[in-house]
$ cat run-v5.txt   # compact mmCIF, C-alpha atoms and all ligand atoms
# COMPACT_ATOMS: atom_id res chain seq x y z
CA MET Y 129 107.27 75.72 90.73
CA PRO Y 130 108.66 75.20 94.23
CA ASN Y 131 106.29 73.36 96.57
CA GLY Y 132 104.84 74.96 99.70
CA LYS Y 133 107.61 73.86 102.02
CA THR Y 134 110.31 75.07 99.63
CA HIS Y 135 108.53 78.41 99.38
CA ASN Y 136 108.51 78.71 103.17
CA LYS Y 137 112.23 77.92 103.30
CA ILE Y 138 113.07 80.41 100.55
CA ASN Y 139 111.01 83.12 102.27
CA ILE Y 140 112.67 82.50 105.63
CA ILE Y 141 116.13 82.67 104.06
CA VAL Y 142 115.17 85.94 102.33
CA LEU Y 143 113.87 87.31 105.64
CA PHE Y 144 117.19 86.43 107.30
CA LEU Y 145 119.09 88.15 104.51
CA ILE Y 146 116.90 91.25 104.89
CA LEU Y 147 117.49 91.25 108.66
CA ILE Y 148 121.24 90.94 108.13
CA GLY Y 149 121.04 93.67 105.47
CA LEU Y 150 119.34 96.00 107.94
CA HIS Y 151 122.58 96.05 109.92
CA SER Y 152 124.56 97.21 106.91
CA PRO Y 153 125.85 100.81 106.82
CA LEU Y 154 123.70 101.47 103.73
CA CYS Y 155 120.49 100.73 105.64
CA SER Y 156 121.49 102.41 108.88
CA GLU Y 157 122.39 105.57 106.93
CA THR Y 158 119.36 105.68 104.64
CA LEU Y 159 116.46 104.27 106.71
CA PRO Y 160 114.83 106.49 109.34
CA LEU Y 161 115.85 105.39 112.84
CA GLU Y 162 112.30 104.42 113.90
CA TYR Y 163 112.33 101.63 111.31
CA LEU Y 164 115.49 100.13 112.76
CA SER Y 165 114.28 99.75 116.35
CA THR Y 166 113.84 96.24 117.76
CA ALA Y 167 110.06 96.77 117.90
CA SER Y 168 109.91 97.81 114.23
CA ILE Y 169 112.08 94.92 113.08
CA THR Y 170 109.91 92.49 115.10
CA ILE Y 171 106.69 93.85 113.56
CA PHE Y 172 108.23 93.66 110.09
CA SER Y 173 109.42 90.08 110.66
CA PHE Y 174 106.01 88.97 111.96
CA SER Y 175 104.17 90.49 109.02
CA PHE Y 176 106.67 88.89 106.61
CA LEU Y 177 106.07 85.49 108.26
CA PHE Y 178 102.31 86.03 108.36
CA GLY Y 179 102.46 86.87 104.66
CA THR Y 180 104.50 83.73 104.01
CA TYR Y 181 102.16 81.35 105.84
CA TYR Y 182 98.77 82.98 105.27
CA LEU Y 183 98.93 85.39 102.34
CA SER Y 184 100.78 83.37 99.74
CA PRO Y 185 99.86 83.82 96.06
CA ASP Y 186 99.22 80.06 96.16
CA LEU Y 187 95.87 80.92 97.75
CA ASP Y 188 94.77 80.43 94.15
CA ILE Y 189 94.97 76.65 94.70
CA LYS Y 190 94.09 74.35 97.60
CA SER Y 191 97.50 74.98 99.13
CA GLU Y 192 98.67 74.88 102.76
CA PRO Y 193 98.25 78.68 103.15
CA PHE Y 194 94.68 78.28 101.82
CA LYS Y 195 93.91 75.50 104.34
CA ARG Y 196 95.41 77.54 107.21
CA TRP Y 197 92.46 79.92 106.92
CA GLY Y 198 90.18 77.17 108.24
CA PRO Y 199 86.51 78.11 107.92
CA PHE Y 200 87.51 81.46 106.39
CA ARG Y 201 89.36 79.79 103.52
CA HIS Y 202 86.28 80.20 101.32
CA ILE Y 203 87.02 83.90 100.89
CA TRP Y 204 89.86 82.86 98.56
CA TRP Y 205 87.79 80.40 96.61
CA PRO Y 206 86.49 82.96 94.04
CA TYR Y 207 90.10 83.70 93.04
CA GLN Y 208 90.73 80.01 92.43
CA LYS Y 209 87.67 79.94 90.15
CA ILE Y 210 88.21 83.30 88.42
CA PHE Y 211 91.99 83.49 88.04
CA GLY Y 212 93.15 79.90 88.28
CA HIS Y 213 96.63 78.94 89.46
CA ARG Y 214 99.38 81.44 88.72
CA GLY Y 215 96.87 83.96 87.42
CA MET Y 216 96.34 87.43 88.89
CA LEU Y 217 97.49 86.45 92.40
CA HIS Y 218 100.91 85.67 90.93
CA ASN Y 219 101.13 89.07 89.23
CA PRO Y 220 103.83 91.16 91.00
CA LEU Y 221 101.60 94.26 91.10
CA LEU Y 222 98.05 92.94 91.26
CA GLY Y 223 98.81 89.91 93.44
CA PRO Y 224 99.78 91.80 96.64
CA LEU Y 225 97.10 94.42 95.94
CA ILE Y 226 94.26 91.88 95.60
CA ILE Y 227 95.41 89.81 98.59
CA ILE Y 228 95.84 92.80 100.93
CA LEU Y 229 92.58 94.42 99.78
CA THR Y 230 90.70 91.18 100.42
CA VAL Y 231 92.01 90.92 103.99
CA GLY Y 232 91.32 94.64 104.46
CA VAL Y 233 87.74 94.50 103.25
CA VAL Y 234 86.77 91.15 104.77
CA PHE Y 235 88.56 91.31 108.15
CA VAL Y 236 90.15 94.65 108.99
CA ALA Y 237 87.35 97.01 107.91
CA PRO Y 238 84.57 95.20 109.86
CA VAL Y 239 86.74 95.15 113.01
CA VAL Y 240 87.56 98.86 112.65
CA VAL Y 241 83.86 99.67 112.20
CA ALA Y 242 82.64 97.33 114.97
CA LEU Y 243 85.11 98.70 117.52
CA GLY Y 244 84.58 102.27 116.36
CA LEU Y 245 88.31 102.71 115.80
CA ASN Y 246 89.65 105.74 114.03
CA ALA Y 247 91.81 104.39 111.21
CA ARG Y 248 93.68 107.72 111.07
CA GLU Y 249 94.98 107.18 114.59
CA VAL Y 250 96.96 104.12 113.51
CA PRO Y 251 100.64 105.18 113.34
CA GLN Y 252 101.86 105.46 109.78
CA GLU Y 253 105.09 103.62 110.59
CA LEU Y 254 103.11 100.61 111.80
CA LEU Y 255 101.13 100.46 108.54
CA ILE Y 256 104.30 100.81 106.46
CA LEU Y 257 105.99 98.00 108.41
CA LEU Y 258 102.98 95.69 108.04
CA PHE Y 259 102.60 96.40 104.33
CA THR Y 260 106.31 96.09 103.57
CA GLY Y 261 106.55 92.75 105.37
CA ILE Y 262 103.52 91.29 103.61
CA VAL Y 263 104.34 92.69 100.17
CA LEU Y 264 107.97 91.50 100.32
CA SER Y 265 106.88 88.00 101.34
CA ILE Y 266 104.48 87.86 98.37
CA GLU Y 267 107.09 89.24 95.94
CA THR Y 268 109.64 86.68 97.16
CA HIS Y 269 107.15 83.92 96.37
CA ILE Y 270 106.39 85.31 92.90
CA LEU Y 271 110.09 85.74 92.13
CA ALA Y 272 110.88 82.19 93.31
CA ASP Y 273 108.14 80.83 91.04
CA ALA Y 274 109.40 82.87 88.09
CA ILE Y 275 113.02 81.78 88.59
CA SER Y 276 112.05 78.13 88.97
CA THR Y 277 109.94 78.26 85.77
CA LYS Y 278 112.77 79.87 83.85
CA THR Y 279 115.29 77.35 85.14
CA LYS Y 280 112.96 74.48 84.23
CA ARG Y 281 112.46 75.88 80.71
CA THR Y 282 116.20 76.28 80.19
CA THR Y 283 116.89 72.77 81.49
CA THR Y 284 114.22 71.33 79.18
CA LYS Y 285 115.70 73.24 76.22
CA VAL Y 286 119.20 72.03 77.03
CA LYS Y 287 117.93 68.46 77.45
CA LYS Y 288 116.07 68.66 74.13
CA LYS Y 289 119.18 69.99 72.42
CA LEU Y 290 121.31 67.26 73.94
CA ASN Y 291 118.76 64.62 72.91
CA GLY Y 292 118.53 66.16 69.45
CA SER Y 293 122.26 66.13 68.91
CA GLY Y 294 122.38 62.62 70.30
CA LYS Y 295 119.82 61.44 67.73
CA LYS Y 296 121.71 63.01 64.86
CA LYS Y 297 124.68 60.82 65.60
ZN ZN S 301 103.12 80.13 93.54
$ encode --input "run-v5.txt" --output "C-alpha cells"
Amino acid sequence: MPNGKTHNKINIIVLFLILIGLHSPLCSETLPLEYLSTASITIFSFSFLFGTYYLSPDLDIKSEPFKRWGPFRHIWWPYQKIFGHRGMLHNPLLGPLIIILTVGVVFVAPVVVALGLNAREVPQELLILLFTGIVLSIETHILADAISTKTKRTTTKVKKKLNGSGKKK
C-alpha cells in the first residue's frame, strides 16, 4: 500500500483534478450555482484536506493521521484493536460512515449540545460540502490502496511466471 506521504500526494492531485473538473461545462451545467461559488469550493477543499490529514482510513494503525489527533488519538484505538489494518475503516461504504460518525458523536454532538445550537439551522449546502469533501478524500485513499494492492499482485504474478519459465529452461 502507498505510505502516508504518497497518500497525501495522491489526494492532493485528486483534489486538483476535481477543482479543474469543476470548471468544465459538464459541472457548470449540472451542479447548482451555490456549489460553484468561491466560498463553497474553499469549504469543499478544506474538508477534503482535513479528511486527508485527519480522517484517513489509516487511523486503523499508528499512522501520521492517527498521531495528528494528539491526546484525542485514543478515540481511534478501539478500531485498531477491533478491525485491524485495512479492516472496516478501509471498506468503501463502512469506512467513511464509521469515521464520520465517530467524529460526530465524540466531537460535534457535545459541542452542539454544550452551545445549545440548533442543528437544523446549519445550512444544508454547508453539510453537503463538508461531507462530500471528507468522503471523497477517504474514497481516494481506499481506491489508491486497492489499486496498489492489485498492481503488486499482478507484478508478483508476472515475476513468478517469468521466474518459472526461466527455471524450465
Ligand atoms: Zn490505507
$ closest_atom_pairs --input "run-v5.txt" --of "chain Y" --to "ligand ZN 301 (chain S)" --cutoff "8 Å" --atoms "all atoms listed in the file" --output "tab-separated table"
residue	atom	partner	partner_atom	distance
Y:Met129	CA	S:ZN301	ZN	6.7
Y:Pro130	CA	S:ZN301	ZN	7.4
Y:Ser184	CA	S:ZN301	ZN	7.4
Y:Pro185	CA	S:ZN301	ZN	5.5
Y:Asp186	CA	S:ZN301	ZN	4.7
Y:His213	CA	S:ZN301	ZN	7.8
Y:Arg214	CA	S:ZN301	ZN	6.2
Y:His218	CA	S:ZN301	ZN	6.5
Y:His269	CA	S:ZN301	ZN	6.2
Y:Ile270	CA	S:ZN301	ZN	6.2
Y:Asp273	CA	S:ZN301	ZN	5.7
$ closest_atom_pairs --input "run-v5.txt" --of "segment 256-297 of chain Y" --to "segment 166-177 of chain Y" --cutoff "9 Å" --atoms "all atoms listed in the file" --output "JSON lines"
{"residue": "Y:Ile256", "atom": "CA", "partner": "Y:Phe172", "partner_atom": "CA", "distance": 8.9}
{"residue": "Y:Leu257", "atom": "CA", "partner": "Y:Phe172", "partner_atom": "CA", "distance": 5.2}
{"residue": "Y:Leu258", "atom": "CA", "partner": "Y:Ser175", "partner_atom": "CA", "distance": 5.4}
{"residue": "Y:Phe259", "atom": "CA", "partner": "Y:Ser175", "partner_atom": "CA", "distance": 7.7}
{"residue": "Y:Thr260", "atom": "CA", "partner": "Y:Phe172", "partner_atom": "CA", "distance": 7.2}
{"residue": "Y:Gly261", "atom": "CA", "partner": "Y:Phe176", "partner_atom": "CA", "distance": 4.1}
{"residue": "Y:Ile262", "atom": "CA", "partner": "Y:Phe176", "partner_atom": "CA", "distance": 5.0}
{"residue": "Y:Val263", "atom": "CA", "partner": "Y:Phe176", "partner_atom": "CA", "distance": 7.8}
{"residue": "Y:Leu264", "atom": "CA", "partner": "Y:Phe176", "partner_atom": "CA", "distance": 6.9}
{"residue": "Y:Ser265", "atom": "CA", "partner": "Y:Phe176", "partner_atom": "CA", "distance": 5.3}
{"residue": "Y:Ile266", "atom": "CA", "partner": "Y:Phe176", "partner_atom": "CA", "distance": 8.6}
$ atom_distance --input "run-v5.txt" --atom1 "atom CA of Thr268 of chain Y" --atom2 "atom CA of Val250 of chain Y"
27.1 Å
$ closest_residue --input "run-v5.txt" --among "Y:Thr180, Y:Thr282, Y:Ser156, Y:Ser165" --to "Val142 of chain Y" --atoms "all atoms listed in the file"
Y:Thr180
$ atom_distance --input "run-v5.txt" --atom1 "atom CA of Trp197 of chain Y" --atom2 "atom CA of Leu243 of chain Y"
22.8 Å
$ closest_residue --input "run-v5.txt" --among "Y:Leu164, Y:Lys190, Y:Gly292, Y:Ala274" --to "His151 of chain Y" --atoms "only C-alpha atoms"
Y:Leu164
